[in-house]
Each structure stands twice: as structure tokens, then as C-alpha cells.
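Colleague: Sharing a structure with you now.
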Amino acid sequence: MSGNTTIKTFVIDGNPVSATESETILDVARQNGVNIPTLCNMSGLTSTGQCRLCMVEIAGSNRLTPSCVTKPEEGMEVVTESPRLLKYRQMILELLFSERNHICAVCVTNGNCELQSMAQRLEVDHVRYEYLHPKFKVDGSHPKFEVDHNRCILCGRCVRVCDEIEGAHTRDLRNRGIQTLVITDFDGPWGESKSCTSCGKCVHVCPTGALAEKGKSVAEMAKRRQFLPYLVMRRKGASK
Amino acid sequence: MLIANRKIAPPDSDRRWKIVDATMRKQGYSPTALIEALHTVQEAFGHVSGEALEFVSESLNVPPSKVYGVATFYNLFNMVPLGEHVFSLCTGTACYVKGSGEVLEFMKTEYGLEPGQTTLDGSLTFMAARCVGACGLAPVMILDGEVVGRLSPDQMKERIREWMSHDE
Amino acid sequence: MTNEELLEIVEKEAENTAKFRHRLGVCTGTGCMSSRSAAIVTELQAEVKKRGLENEIQVKKVGCMGLCAAGPIISVQPENIFYRDMTPEEAVSVIDSLDSEPLHEKMIDISEPFFYRQEKYALENAGVVDPERIEDYIAAGGYAALIRAITEMTPLDVIQEIIASGLRGRGGAGYPTGLKWSTVAKIESDLKYIVCNADEGDPGAFMDRSVLESDPHRVLEGMAIAAFAVGASQGYIYVRAEYPLAIKRMKAAIKQAEKMGLLGQDICGTPFNFKVDVRLGAGAFVCGEETALLNSIEGNRGMPRLRPPYPAEAGLFQKPTLVNNVETFANISGIIGDGGKWFARIGTAKSKGTKVFALTGKIKNTGLIEVPMGITLREIVYDIGGGIPNGRKFKAIQTGGPSGGCIPAEHLDTPVDYESLKALGSMMGSGGMIVIDDTSNMIDMARFFMEFSMEESCGKCAPCRVGTVQLYNLLGKFQQGEATEADLATLEELCDLVRNTSLCGLGQAAPNPIVSTLRYFRNEYLEKMKPSAAAAKEEAR
């Protein structure tokens with residue numbers, strides 16, 4: 001790598017920054033202390049650009065660009081905060097709140113939830129869309145963990161960590177559109193899964209209270225994610 | 001592709017599993033044969049059962065959750081057996097403009113059937129089909145594979161009543 | 001297969017044809033088949049045999065003749081007579097009439113604009129050749145362009161002809177075909193793919209189905225020429241499973257072409273190899289989006305991929321892939337045969353050639369039409385389409401399916417080309433044209449399409465997954481007469497959000513039916529609104 005790395009310089013919110021070939025706009029923004037909102041993204045997992053919160057403006061283009069999957073170009077001028085972006089981000093959050101049953105007051109991750117803190121940060125204080133009120137049963141068949149789809153935002157982190165890091169691919173999605181649901185194996189109870197290793201990685205990457213350890217009461221479920229950068233680092237080391 | 005001798009035993013002695021296996025073998029049991037395999041399962045058995053999913057999952061070495069995810073993503077795969085008779089109503093735009101929505105409503109009020117539902121006795125499944133591409137004949141309905149087109153919504157209702165009672 | 005061998009087949013076929021005094025062509029497209037045209041063929045063949053006329057009268061299955069409203073259609077050649085609404089029983093009387101007076105009451109008037117205003121290019125052979133016989137296609141000049149391309153031209157020559165033709169993607173977006181080809185050609189790779197997008201999911205559109213059913217070899221030839229031009233060796237045709245006849249004919253066509261050495265290894269004795277396989281869709285509209293389609297061919301859920309990388313760089317199995325639509329491929333052999341310039345003489349400055357449309361809805365002549373680009377919507381509706389039946393009034397024409405919009409009467413004089421339709425808030429789309437008369441309500445129409453987009457959303461990104469549901473519900477409020485001013489504002493804001501933040505084309509275009517009806521038929525929305533508190537007060541006074 002050394003010697004022939006191409007470095008690109010570009011601008012984020014008026015400040016000149018630099019990026020290597022492999023870095024995305026989001027990577028570089030984070031390095032420079034610019035905190036672009038994200039929900040589906042997680043360092044160490046493949047970026048999928050699906051939550052649409054990390055969209056940024058690029059000078060000269062009317063199209064918004066998902067920063068987690070876009071590599072900067074030389075001289076590009078990126079704007080990460082604008083009234084338009086804020087409005088869209090707020091609306092997307094409102095849509096997510098309207099989709100399932102997010103009731104913080106009774107949630108195990110109250111106070112530790114990324115959806116909740118994102119709403120606070122973006123000052124979403126009400127939802128103008130009709131709540132869809134779907135009905136989901138809580139799957140508590142696993143001895144250590146439980147899944148409550150009422151709190152799921154379909155970010156796909158659990159699916160990716162299980163496939164990419166644990167290598168089990170216990171989880172995937174069933175159906176499509178608004179009917180999409182995270183499943184275990186052939187959509188059976190989690191506790192009966194043959195492929196699940198009970199490693200708990202999915203629980204800890206979950207941004208909300210959808211996946212939690214059993215026996216936690218309201219606001220008790222904090223997520224521990226330090227394992228992920230560690231595993232990614234070890235893996236990189238091993239493949240060198 | 002690499003594991004030529006990794007032969008998975010079918011769930012039972014039904015000869016139709018051989019057809020499914022042949023489809024997968026033709027593609028070297030590659031995971032990319034998943035959708036083709038599911039098509040063959042549906043063609044052979046009429047629906048995609050749980051044991052078929054397991055058989056395909058093991059044969060192609062595709063994780064169960066992925067097999068299930070793919071099978072449910074696509075509308076065409078039925079996870080439950082269909083009724084003895086199948087009535088599909090085309091709900092494409094041309095048919096909609098010419099009154100298929102009215103017939104949809106009729107099925108609900110007259111027979112209590114929503115698209116995708118089967119009567120309790122298992123005699124009939126009602127389906128709302130995506131455009132079948134016979135828009136020149138709109139509105140179109142398919143009664144057990146027979147395409148019936150160019151009728152007014154009232155004539156269609158009449159025809160459905162006839163067809164339903166003929167069945168009893 | 002060499003050019004000489006090809007000409008031999010052409011001669012033999014011509015001799016064969018000349019032998020017959022009369023040739024009967026029976027339409028065996030899906031539309032006519034469902035009106036018993038297969039039985040007509042059997043009946044005619046039996047009758048001809050019974051009368052011992054096998055050497056004088058030919059009975060042939062042909063593809064779609066276009067006027068689906070009058071099907072099943074029988075054509076009589078060389079007299080050039082077309083009979084409408086035939087039944088197996090009546091068909092026999094066609095034989096009786098052959099050497100005497102034609103059946104006047106059943107004749108289709110071919111001097112009508114429906115026939116002379118059209119310009120057949122992609123559909124040139126539809127309704128003429130037997131789609132199940134490769135010899136028939138060859139006799140009509142088929143595969144000559146492929147042989148010419150691989151024996152006399154370089155890949156670059158081929159691409160230059162395509163660029164000169166000005167052909168743009170017929171799937172709807174209108175990306176320049178030549179540019180797409182040259183991009184794929186320039187990327188070096190050990191393996192490249194050609195994918196034919198035949199996942200015609202637009203409800204109300206059946207152009208691709210008709211092309212595949214009527215002239216499958218034309219599509220194969222176009223794909224093979226493309227493969228030669230970009231350096232691909234494997235092709236896939238991704239067809240909707242809902243089109244069993246198209247699938248059957250395509251599979252048969254591939255076998256025939258392989259047998260003749262027009263597909264497979266060392267085509268025409270050159271080192272060019274090209275194999276084609278059929279892959280079936282399974283009922284997901286989003287798979288018409290090219291990256292979702294590629295995921296589906298790979299056996300995955302049909303979710304769109306992020307772009308870049310574009311399929312031209314990393315497509316199917318991460319290899320450079322050229323994805324074109326059926327109609328685009330159907331135009332290729334003509335361009336290579338007649339030259340790009342010849343093709344470019346038809347159409348407008350930016351939209352060249354012809355376009356196939358499926359004309360349906362409240363219109364007299366429903367069917368499949370092919371018209372030069374630049375023709376006006378009025379000409380299509382009133383000349384070719386014959387106007388609105390039952391004395392009703394034209395209200396709007398819907399193009400582009402769930403991704404398009406409704407165009408009202410005041411814009412009927414708009415020329416049909418990519419830019420003009422887009423400027424009106426609709427789009428060319430793959431070619432569905434649905435005529436709406438004054439009995440239809442535009443909010444119902446918008447909600448119909450929104451229901452479609454909602455059910456077909458793959459669910460990957462939040463704006464499309466949830467936004468389409470909210471839009472659908474809001475339209476329901478309008479239908480019920482319970483919407484408020486705030487709802488109208490929310491509706492418009494949401495349309496803007498879904499359009500600008502969705503991940504793929506399906507989501508980005510999903511609000512179009514609402515946006516376009518709001519633009520042209522805003523009154524219908526306003527009429528449906530609950531009288532606001534202020535207005536109520538006003539009234540009370």
C-alpha cells in the first residue's frame with residue numbers, strides 16, 4: 001500500500017479534508033468530527049445505504065447522496081447540514097416511528113436507544129403520520145435473548161453481523177415492503193434455531209430494543225459493541 | 001459447485017423430488033440455482049412446502065433464513081397448497097380501468113374472499129393476479145387456467161356465479 | 001452457418017411459400033390464444049387436409065397482428081385480407097371463401113389509420129413469421145445482420161452503428177444504447193454478460209410479451225450482436241413467469257438457434273461464442289430495476305443494489321454486464337442490417353426510431369401499436385386508437401405505469417418522445433398507454449398505482465417502504481372525503497420526500513401518479529376535502 005496510495009482532497013461543510021481510495025464520505029466526516037446522522041450504518045459491517053439518514057448534498061447536483069456508500073471525488077463540496085436535509089431526516093424518522101410500535105416508556109433500551117437519541121438530536125417532537133399499529137408477538141423462545149418486532153426498524157444490522165462476522169446467517173428478511181420481517185431460519189422460533197450460535201452479536205448491534213437480553217426491565221438494556229471493531233481488526237490482521 | 005458427491009436425500013420417496021433434484025444438479029448445486037429450484041418445486045407440487053424448503057436449502061447449501069427470505073419475497077411462490085379450483089382476477093391497470101375493482105369487491109361481499117384466500121373447504125382459491133399481459137381483452141379473469149376476457153363487470157359476476165355453482 | 005447457407009434456407013423457404021396459392025396466418029399471441037385461436041389452427045389444418053388441399057393452402061401460426069380488440073385474427077395472403085373475431089367454426093368458411101368472394105362482414109378495414117399510421121420496425125415480423133420456426137425468421141431476412149456483424153464488422157463498427165442510430169433504451173429511462181454498449185466494451189474482463197430484461201411488470205403493458213411471443217429470434221439476434229460488440233459470452237433472458245407462452249417460445253428459439261450454429265461455440269466458424277439461458281422472474285415488479293434483476297438472477301431477494309458500481313462495471317456475479325430491454329434488442333438487427341443512419345431518419349432530434357405501445361383502457365382499438373417517435377398523443381388516441389367508445393369523453397392518458405403519470409386533454413398535442421413526456425410529469429416508460437375516460441376518478445387512479453407501488457416495494461429503504469403506505473392511506477382519506485388542508489400538505493411533502501430520498505428508481509418514481517394528478521386534476525382533490533373549519537364558519541354566517 002505504502003507509496004502509491006492516492007489521496008483525494010475535498011470539502012466537507014466548508015472545511016478541506018482528505019480521503020484515501022477506500023474511504024467513504026461518512027468515514028472522512030467522522031474522522032473530522034462531523035457527525036452525520038446514521039441508523040443502518042455500523043463500522044465493521046457492510047454499508048447498505050438503506051436508512052437514508054446519511055444523505056448529504058453535493059454542490060452542483062440536485063440529487064442527494066448517501067454518504068455511507070459514496071466515495072468522495074477530488075474537489076467535491078459536501079454539505080452535511082441544511083434545512084432541506086434536516087427536514088428530510090426528520091420526516092424519515094417520523095416514518096420509522098409510525099411504522100411499528102415505539103413506546104419508549106416501556107422499552108428496555110429507553111435511554112440507550114439510537115432511534116430515540118436520533119429523534120432527540122433532530123428535534124422530532126411529534127409524528128404527523130398515522131401510526132400503522134402492526135401487531136407482533138414477542139419471541140421469547142431463546143433462553144438468553146428475546147426479539148420484539150414492534151421495536152424493529154429493519155436496519156438489517158443483525159442480519160449482517162450474523163452473516164458477515166459470526167458466519168451463521170441465522171437471520172434474514174421475509175416478505176417485502178411494509179410486510180418485511182426479520183426471521184430466524186425458516187421463520188421458526190429463535191429458541192429452536194439450529195444455526196444460531198447464541199453469540200448475542202445481533203442483540204448488541206441492534207440500535208433499538210427489538211433485540212434484547214432476557215430479564216431486563218425498562219431502560220436496563222445497554223448495548224456493548226466494543227467487540228465489533230476488535231473482531232474486525234483481528235480478522236484484518238489474520239488475512240495479512 | 002465443488003461438492004459433487006454431496007447428495008442430500010429427499011424428504012420422502014415421492015418421485016417428484018427427482019425433478020427438483022435434476023434442476024439443481026443441472027446448475028451444479030450452485031446457490032444461485034435457488035429461484036430455479038423453487039420454481040421447479042412449485043411446478044411439481046403446486047406449492048412450496050416447508051420440507052421442500054429444507055431439501056433445497058441443504059442441497060444448495062444456502063442458509064435456511066435466506067431460502068425462506070427468497071421464497072417469501074416473490075409473489076409467485078405459494079407457501080400453502082391452493083384450493084382445488086383457482087380463480088385469478090387480473091388487477092392490472094387496463095383491467096382496473098375496465099372494472100376489475102368492482103369484481104374484487106364482489107368476491108369480498110358475495111363469497112367473503114380476499115385475494116390469496118382459500119375457501120374453508122379447500123375447494124377454491126381466489127387470487128388477484130398481477131397483469132397477465134392480455135390487456136387487449138380487459139377485464140380479464142382466469143378460471144382454472146382458462147382466460148376469460150372482454151366481459152362487463154356484471155357479466156363477469158354472472159359468469160363467476162355460474163362457475164361457482166357449477167362446482168357444487 | 002455461413003451467409004451462403006443462410007441464403008440457401010431463404011431460397012428454400014421462398015420456394016416453399018410460392019408453392020401455396022393461399023396462406024392463412026392465425027394469430028397465436030396470448031390474447032388471441034385465450035379466445036381459442038389454437039383451436040382455429042387445428043380446425044383449419046384438419047379441414048385443409050380433409051379437402052386434400054395441403055399443397056395449395058398453407059395454415060400457419062403467426063404472432064401478434066396488433067389489433068387485439070378484434071382477435072382472434074386470421075390473415076389471408078397474398079390477398080392481404082384480415083378477418084376479425086374468428087371462431088373455429090367460422091374459420092372453415094374462410095377456406096370456402098378463398099377462391100370466391102371474401103367474407104365482407106368479417107373483414108377488417110386495413111385502410112383505417114390504425115394500420116397506415118403505424119410504422120413497424122421492432123414488430124416488423126410480428127404477425128408475419130411463425131415464431132416457432134427459425135427458418136421462417138431466416139426467410140424474412142433474420143440472422144443476416146448477425147452474420148454480417150461477426151464476419152464483416154469489428155465490435156467497434158457495430159457500436160458505432162448503434163451510436164449513429166441514436167437508439168435509446170426502450171425500458172423507459174431512455175439511456176443511450178450505444179453509450180451503454182461502449183462502456184461495457186471498454187471494461188476489460190475475462191467474462192462479461194448480456195442480460196435481456198423481459199420482466200415486464202408494468203400493469204397494463206404487454207409490448208415485451210408480444211415481441212417475445214411473435215418474434216423470439218429477433219431478440220436473440222439482437223442479444224448475440226450485442227455480445228459480439230461488447231465481448232460477452234453468456235446471456236440471460238429474465239422473463240416474467242406470468243408469460244408461459246413467451247417462455248416456451250424463447251426456450252424453443254434458443255434450441256433452434258443453437259442447432260443451426262447461430263448460438264453456442266464458434267458461431268459462423270469464428271471464435272465468437274455466445275450462450276443464452278432463460279431465467280424466470282417470480283412476481284416482483286422491482287426486478288424490472290436492473291440491479292434488482294441481477295440480484296434475482298443470482299438467486300437472491302430482488303432488492304436493488306447501490307450504484308455505483310454500475311452493472312457495466314460490476315453487474316451479474318460482479319462481472320461487467322450489459323442490461324437492455326426486449327424492445328431495445330429487437331431494434332438491433334434492423335440497425336445493423338440497414339445502418340444506423342437509416343434508423344435515425346425516423347423520430348425526433350433526441351428520440352430516434354419507433355416505439356411500441358400497448359394501447360388499452362377506454363379506447364376503441366385496444367392493441368399493440370408501433371409508432372414513430374414524435375407522433376402526438378392525439379394521433380395515437382384518435383387516429384390509431386379510434387377514439388373513446390360509448391360516447392364518453394377523453395379525460396387523460398396514463399403512460400409509464402406506476403412510475404409515470406396522467407396526461408390531460410390539454411396536452412394531447414404533445415409529441416411522444418422521452419423529454420416531452422417527462423416535462424409533463426409522466427415518462428415514456430416501457431410502453432403502457434392506458435386511456436381514461438370521464439367515468440374514472442383521478443384519486444382512485446392515483447390510489448390504484450400507490451397500492452401497487454406499496455405492495456411491490458422491496459422494503460429496503462425506509463422512505464419507500466413506509467412512505468408509500470402513508471401515501472396510500474392519505475389518498476384513502478381523500479376518497480372518504482375526510483382529508484384536511486393539513487393532509488394535502490402532508491401528501492405533497494411526502495411525495496417530495498419519497499421522490500428525493502428513496503434508494504432506487506421504483507421508490508423515486510412511486511409518487512409520480514399522485515404528483516401528476518395533483519398537477520392536472522387538483523380540483524378533484526380539493527372537492528374531496530372536508531370543508532375546513534374556517535369555511536364552515538363562513539357558511540354559518
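Each chain of the C-alpha cells is named A, B, ... in the order shown, its residues numbered from 1; ligands are numbered from 1 in display order.
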Do me a favour and pick out the residues of chain C within 9 Å of chain A, using only C-alpha atoms, as a list in words.

Modeller: Arg305, Leu306, Pro308, Met454, Glu455, Glu456, Ser457, Cys458, Gly459, Lys460, Cys461, Ala462, Pro463, Cys464, Arg465, Val466, Gly467, Thr468, Val469, Gln470, Asn473, Leu474, Thr490, Leu494, Leu497, Asn500, Thr501, Ser502 and Leu503 of chain C

Colleague: Those same residues, written as an mmCIF file, in the first residue's frame with N, CA and C atoms?

Modeller:
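For reference, out.cif as written:
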data_model
loop_
_atom_site.group_PDB
_atom_site.id
_atom_site.type_symbol
_atom_site.label_atom_id
_atom_site.label_comp_id
_atom_site.auth_asym_id
_atom_site.auth_seq_id
_atom_site.Cartn_x
_atom_site.Cartn_y
_atom_site.Cartn_z
ATOM 1 N N ARG C 305 -29.455 -2.834 -5.837
ATOM 2 C CA ARG C 305 -28.123 -2.601 -5.296
ATOM 3 C C ARG C 305 -27.824 -1.119 -5.371
ATOM 4 N N LEU C 306 -26.825 -0.738 -4.642
ATOM 5 C CA LEU C 306 -26.403 0.661 -4.709
ATOM 6 C C LEU C 306 -25.592 0.864 -5.973
ATOM 7 N N PRO C 308 -23.009 3.886 -7.771
ATOM 8 C CA PRO C 308 -22.081 2.911 -8.334
ATOM 9 C C PRO C 308 -21.757 1.788 -7.345
ATOM 10 N N MET C 454 -46.826 0.241 -3.239
ATOM 11 C CA MET C 454 -46.706 -0.163 -1.843
ATOM 12 C C MET C 454 -46.487 -1.670 -1.745
ATOM 13 N N GLU C 455 -47.277 -2.416 -2.517
ATOM 14 C CA GLU C 455 -47.150 -3.874 -2.458
ATOM 15 C C GLU C 455 -45.878 -4.362 -3.124
ATOM 16 N N GLU C 456 -45.358 -3.583 -4.053
ATOM 17 C CA GLU C 456 -44.169 -4.021 -4.764
ATOM 18 C C GLU C 456 -42.886 -3.448 -4.173
ATOM 19 N N SER C 457 -43.000 -2.563 -3.210
ATOM 20 C CA SER C 457 -41.800 -2.018 -2.577
ATOM 21 C C SER C 457 -41.009 -3.171 -1.972
ATOM 22 N N CYS C 458 -39.695 -3.149 -2.151
ATOM 23 C CA CYS C 458 -38.919 -4.279 -1.639
ATOM 24 C C CYS C 458 -38.725 -4.165 -0.144
ATOM 25 N N GLY C 459 -38.839 -2.957 0.398
ATOM 26 C CA GLY C 459 -38.727 -2.781 1.841
ATOM 27 C C GLY C 459 -37.345 -2.434 2.321
ATOM 28 N N LYS C 460 -36.418 -2.260 1.399
ATOM 29 C CA LYS C 460 -35.046 -1.997 1.823
ATOM 30 C C LYS C 460 -34.911 -0.616 2.466
ATOM 31 N N CYS C 461 -35.341 0.434 1.780
ATOM 32 C CA CYS C 461 -35.163 1.771 2.342
ATOM 33 C C CYS C 461 -36.456 2.281 2.967
ATOM 34 N N ALA C 462 -36.310 3.044 4.033
ATOM 35 C CA ALA C 462 -37.464 3.499 4.803
ATOM 36 C C ALA C 462 -38.418 4.415 4.026
ATOM 37 N N PRO C 463 -37.916 5.387 3.253
ATOM 38 C CA PRO C 463 -38.861 6.302 2.598
ATOM 39 C C PRO C 463 -39.864 5.574 1.705
ATOM 40 N N CYS C 464 -39.404 4.587 0.955
ATOM 41 C CA CYS C 464 -40.299 3.882 0.049
ATOM 42 C C CYS C 464 -41.156 2.890 0.825
ATOM 43 N N ARG C 465 -40.540 2.163 1.743
ATOM 44 C CA ARG C 465 -41.263 1.121 2.476
ATOM 45 C C ARG C 465 -42.430 1.712 3.265
ATOM 46 N N VAL C 466 -42.168 2.746 4.027
ATOM 47 C CA VAL C 466 -43.216 3.326 4.873
ATOM 48 C C VAL C 466 -43.931 4.469 4.154
ATOM 49 N N GLY C 467 -43.168 5.231 3.364
ATOM 50 C CA GLY C 467 -43.762 6.391 2.696
ATOM 51 C C GLY C 467 -44.903 6.007 1.760
ATOM 52 N N THR C 468 -44.738 4.917 1.013
ATOM 53 C CA THR C 468 -45.804 4.518 0.084
ATOM 54 C C THR C 468 -47.064 4.117 0.850
ATOM 55 N N VAL C 469 -46.891 3.513 2.023
ATOM 56 C CA VAL C 469 -48.058 3.125 2.825
ATOM 57 C C VAL C 469 -48.782 4.372 3.314
ATOM 58 N N GLN C 470 -48.015 5.336 3.795
ATOM 59 C CA GLN C 470 -48.625 6.568 4.290
ATOM 60 C C GLN C 470 -49.329 7.322 3.163
ATOM 61 N N ASN C 473 -52.571 5.536 2.439
ATOM 62 C CA ASN C 473 -53.582 5.822 3.459
ATOM 63 C C ASN C 473 -54.131 7.241 3.330
ATOM 64 N N LEU C 474 -53.237 8.183 3.033
ATOM 65 C CA LEU C 474 -53.700 9.563 2.869
ATOM 66 C C LEU C 474 -54.694 9.671 1.714
ATOM 67 N N THR C 490 -49.313 17.388 3.850
ATOM 68 C CA THR C 490 -48.531 16.194 4.169
ATOM 69 C C THR C 490 -48.345 15.330 2.928
ATOM 70 N N LEU C 494 -44.744 14.449 1.512
ATOM 71 C CA LEU C 494 -44.316 13.055 1.463
ATOM 72 C C LEU C 494 -43.905 12.641 0.051
ATOM 73 N N LEU C 497 -40.502 13.812 -0.399
ATOM 74 C CA LEU C 497 -39.527 13.018 0.346
ATOM 75 C C LEU C 497 -39.232 11.697 -0.363
ATOM 76 N N ASN C 500 -37.198 12.094 -3.493
ATOM 77 C CA ASN C 500 -35.810 12.532 -3.373
ATOM 78 C C ASN C 500 -34.916 11.664 -2.507
ATOM 79 N N THR C 501 -35.497 10.815 -1.688
ATOM 80 C CA THR C 501 -34.630 10.068 -0.776
ATOM 81 C C THR C 501 -34.693 8.558 -0.956
ATOM 82 N N SER C 502 -35.582 8.047 -1.810
ATOM 83 C CA SER C 502 -35.641 6.595 -1.978
ATOM 84 C C SER C 502 -34.384 6.076 -2.647
ATOM 85 N N LEU C 503 -34.124 4.810 -2.411
ATOM 86 C CA LEU C 503 -32.870 4.234 -2.876
ATOM 87 C C LEU C 503 -32.858 3.937 -4.370
#

Colleague: Where does chain C meet chain B within 7 Å, residue by residue, with the nearest atom pair and distance in Å to one decimal for each, counting only C-alpha atoms, listed by chain and rising number, as a Markdown table?

Modeller:
| residue | atom | partner | partner_atom | distance |
| --- | --- | --- | --- | --- |
| C:Thr30 | CA | B:Ala134 | CA | 6.5 |
| C:Gly31 | CA | B:Ala134 | CA | 5.2 |
| C:Ser34 | CA | B:Val147 | CA | 5.4 |
| C:Cys68 | CA | B:Gly136 | CA | 5.1 |
| C:Ala69 | CA | B:Gly136 | CA | 5.7 |
| C:Pro203 | CA | B:Gly92 | CA | 4.3 |
| C:Gly204 | CA | B:Thr93 | CA | 4.9 |
| C:Ala205 | CA | B:Gly133 | CA | 6.3 |
| C:Phe206 | CA | B:Gly133 | CA | 4.9 |
| C:Glu242 | CA | B:Val132 | CA | 6.2 |
| C:Ala282 | CA | B:Leu76 | CA | 5.1 |
| C:Gly283 | CA | B:Asn75 | CA | 4.8 |
| C:Ala284 | CA | B:Tyr74 | CA | 5.6 |
| C:Glu298 | CA | B:Thr32 | CA | 4.8 |
| C:Gly299 | CA | B:Thr32 | CA | 4.5 |
| C:Asn300 | CA | B:Val70 | CA | 6.1 |
| C:Arg301 | CA | B:Val70 | CA | 4.9 |
| C:Thr360 | CA | B:Ala94 | CA | 5.9 |
| C:Gly361 | CA | B:Ala94 | CA | 4.9 |
| C:Thr366 | CA | B:Gly136 | CA | 5.3 |
| C:Gly367 | CA | B:Gly136 | CA | 5.4 |
| C:Ile434 | CA | B:Ala94 | CA | 6.4 |

Colleague: One decimal, in Å: what's the spacing between CA of Arg240 (chain C) and CA of Tyr137 (chain C)?

Modeller: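 Calculated distance between CA of Arg240 (chain C) and CA of Tyr137 (chain C) is 24.0 Å.
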
Colleague: Nearest residue to chain B out of A:Pro229, A:Gly167, A:Pro83, A:Gly237, using only C-alpha atoms?

Modeller: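 Among the listed residues, the smallest separation from chain B belongs to A:Gly167.
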
Colleague: Name the residues of region 350-444 of chain C that fall into helix (DSSP H, G or I) according to DSSP on the backbone, using the chain letters and numbers of this document, as an NGL selection string.

Modeller: :C and (377-384 or 389-391 or 401-403 or 409-411 or 418-423 or 442-444)

Colleague: Can you write out the residues you just picked, keeping N, CA and C atoms, as an mmCIF file, in the first residue's frame?

Modeller:
data_model
loop_
_atom_site.group_PDB
_atom_site.id
_atom_site.type_symbol
_atom_site.label_atom_id
_atom_site.label_comp_id
_atom_site.auth_asym_id
_atom_site.auth_seq_id
_atom_site.Cartn_x
_atom_site.Cartn_y
_atom_site.Cartn_z
ATOM 1 N N LEU C 377 -49.836 12.501 -29.036
ATOM 2 C CA LEU C 377 -50.743 11.651 -28.275
ATOM 3 C C LEU C 377 -52.124 11.660 -28.920
ATOM 4 N N ARG C 378 -52.509 12.827 -29.466
ATOM 5 C CA ARG C 378 -53.830 12.929 -30.097
ATOM 6 C C ARG C 378 -53.947 11.957 -31.272
ATOM 7 N N GLU C 379 -52.880 11.902 -32.084
ATOM 8 C CA GLU C 379 -52.902 10.975 -33.220
ATOM 9 C C GLU C 379 -53.045 9.532 -32.743
ATOM 10 N N ILE C 380 -52.357 9.231 -31.639
ATOM 11 C CA ILE C 380 -52.445 7.865 -31.120
ATOM 12 C C ILE C 380 -53.859 7.567 -30.628
ATOM 13 N N VAL C 381 -54.415 8.499 -29.870
ATOM 14 C CA VAL C 381 -55.722 8.236 -29.263
ATOM 15 C C VAL C 381 -56.838 8.251 -30.313
ATOM 16 N N TYR C 382 -56.842 9.289 -31.151
ATOM 17 C CA TYR C 382 -57.997 9.444 -32.041
ATOM 18 C C TYR C 382 -57.829 8.781 -33.410
ATOM 19 N N ASP C 383 -56.620 8.807 -33.979
ATOM 20 C CA ASP C 383 -56.466 8.175 -35.289
ATOM 21 C C ASP C 383 -56.262 6.670 -35.128
ATOM 22 N N ILE C 384 -55.160 6.330 -34.472
ATOM 23 C CA ILE C 384 -54.837 4.909 -34.342
ATOM 24 C C ILE C 384 -55.819 4.221 -33.407
ATOM 25 N N PRO C 389 -64.765 4.901 -26.729
ATOM 26 C CA PRO C 389 -66.030 4.226 -27.035
ATOM 27 C C PRO C 389 -67.185 4.734 -26.175
ATOM 28 N N ASN C 390 -68.371 4.321 -26.499
ATOM 29 C CA ASN C 390 -69.608 4.578 -25.753
ATOM 30 C C ASN C 390 -69.915 6.063 -25.587
ATOM 31 N N GLY C 391 -69.448 6.888 -26.499
ATOM 32 C CA GLY C 391 -69.773 8.303 -26.453
ATOM 33 C C GLY C 391 -69.224 9.051 -25.248
ATOM 34 N N GLY C 401 -46.865 3.603 -16.487
ATOM 35 C CA GLY C 401 -47.317 2.727 -15.406
ATOM 36 C C GLY C 401 -47.213 3.379 -14.051
ATOM 37 N N PRO C 402 -46.908 2.578 -13.010
ATOM 38 C CA PRO C 402 -46.877 3.110 -11.649
ATOM 39 C C PRO C 402 -45.770 4.149 -11.444
ATOM 40 N N SER C 403 -44.857 4.245 -12.409
ATOM 41 C CA SER C 403 -43.791 5.228 -12.288
ATOM 42 C C SER C 403 -44.090 6.464 -13.119
ATOM 43 N N ALA C 409 -56.249 16.214 -21.346
ATOM 44 C CA ALA C 409 -56.633 16.552 -22.722
ATOM 45 C C ALA C 409 -55.858 17.746 -23.280
ATOM 46 N N GLU C 410 -55.592 18.760 -22.431
ATOM 47 C CA GLU C 410 -54.945 19.960 -22.998
ATOM 48 C C GLU C 410 -53.531 19.700 -23.507
ATOM 49 N N HIS C 411 -52.963 18.540 -23.152
ATOM 50 C CA HIS C 411 -51.611 18.251 -23.645
ATOM 51 C C HIS C 411 -51.601 17.148 -24.699
ATOM 52 N N TYR C 418 -38.992 11.054 -25.249
ATOM 53 C CA TYR C 418 -38.589 10.924 -23.843
ATOM 54 C C TYR C 418 -38.716 12.244 -23.087
ATOM 55 N N GLU C 419 -38.186 13.325 -23.691
ATOM 56 C CA GLU C 419 -38.134 14.593 -22.970
ATOM 57 C C GLU C 419 -39.522 15.215 -22.802
ATOM 58 N N SER C 420 -40.340 15.180 -23.867
ATOM 59 C CA SER C 420 -41.651 15.840 -23.784
ATOM 60 C C SER C 420 -42.530 15.195 -22.717
ATOM 61 N N LEU C 421 -42.523 13.870 -22.675
ATOM 62 C CA LEU C 421 -43.368 13.197 -21.691
ATOM 63 C C LEU C 421 -42.873 13.483 -20.284
ATOM 64 N N LYS C 422 -41.568 13.549 -20.140
ATOM 65 C CA LYS C 422 -41.001 13.825 -18.828
ATOM 66 C C LYS C 422 -41.368 15.232 -18.367
ATOM 67 N N ALA C 423 -41.339 16.161 -19.315
ATOM 68 C CA ALA C 423 -41.669 17.541 -18.974
ATOM 69 C C ALA C 423 -43.107 17.666 -18.494
ATOM 70 N N MET C 442 -59.707 10.514 -10.642
ATOM 71 C CA MET C 442 -58.252 10.503 -10.648
ATOM 72 C C MET C 442 -57.644 10.124 -9.301
ATOM 73 N N ILE C 443 -58.357 10.404 -8.225
ATOM 74 C CA ILE C 443 -57.821 9.987 -6.927
ATOM 75 C C ILE C 443 -57.820 8.456 -6.854
ATOM 76 N N ASP C 444 -58.880 7.844 -7.376
ATOM 77 C CA ASP C 444 -58.914 6.372 -7.426
ATOM 78 C C ASP C 444 -57.741 5.838 -8.226
#
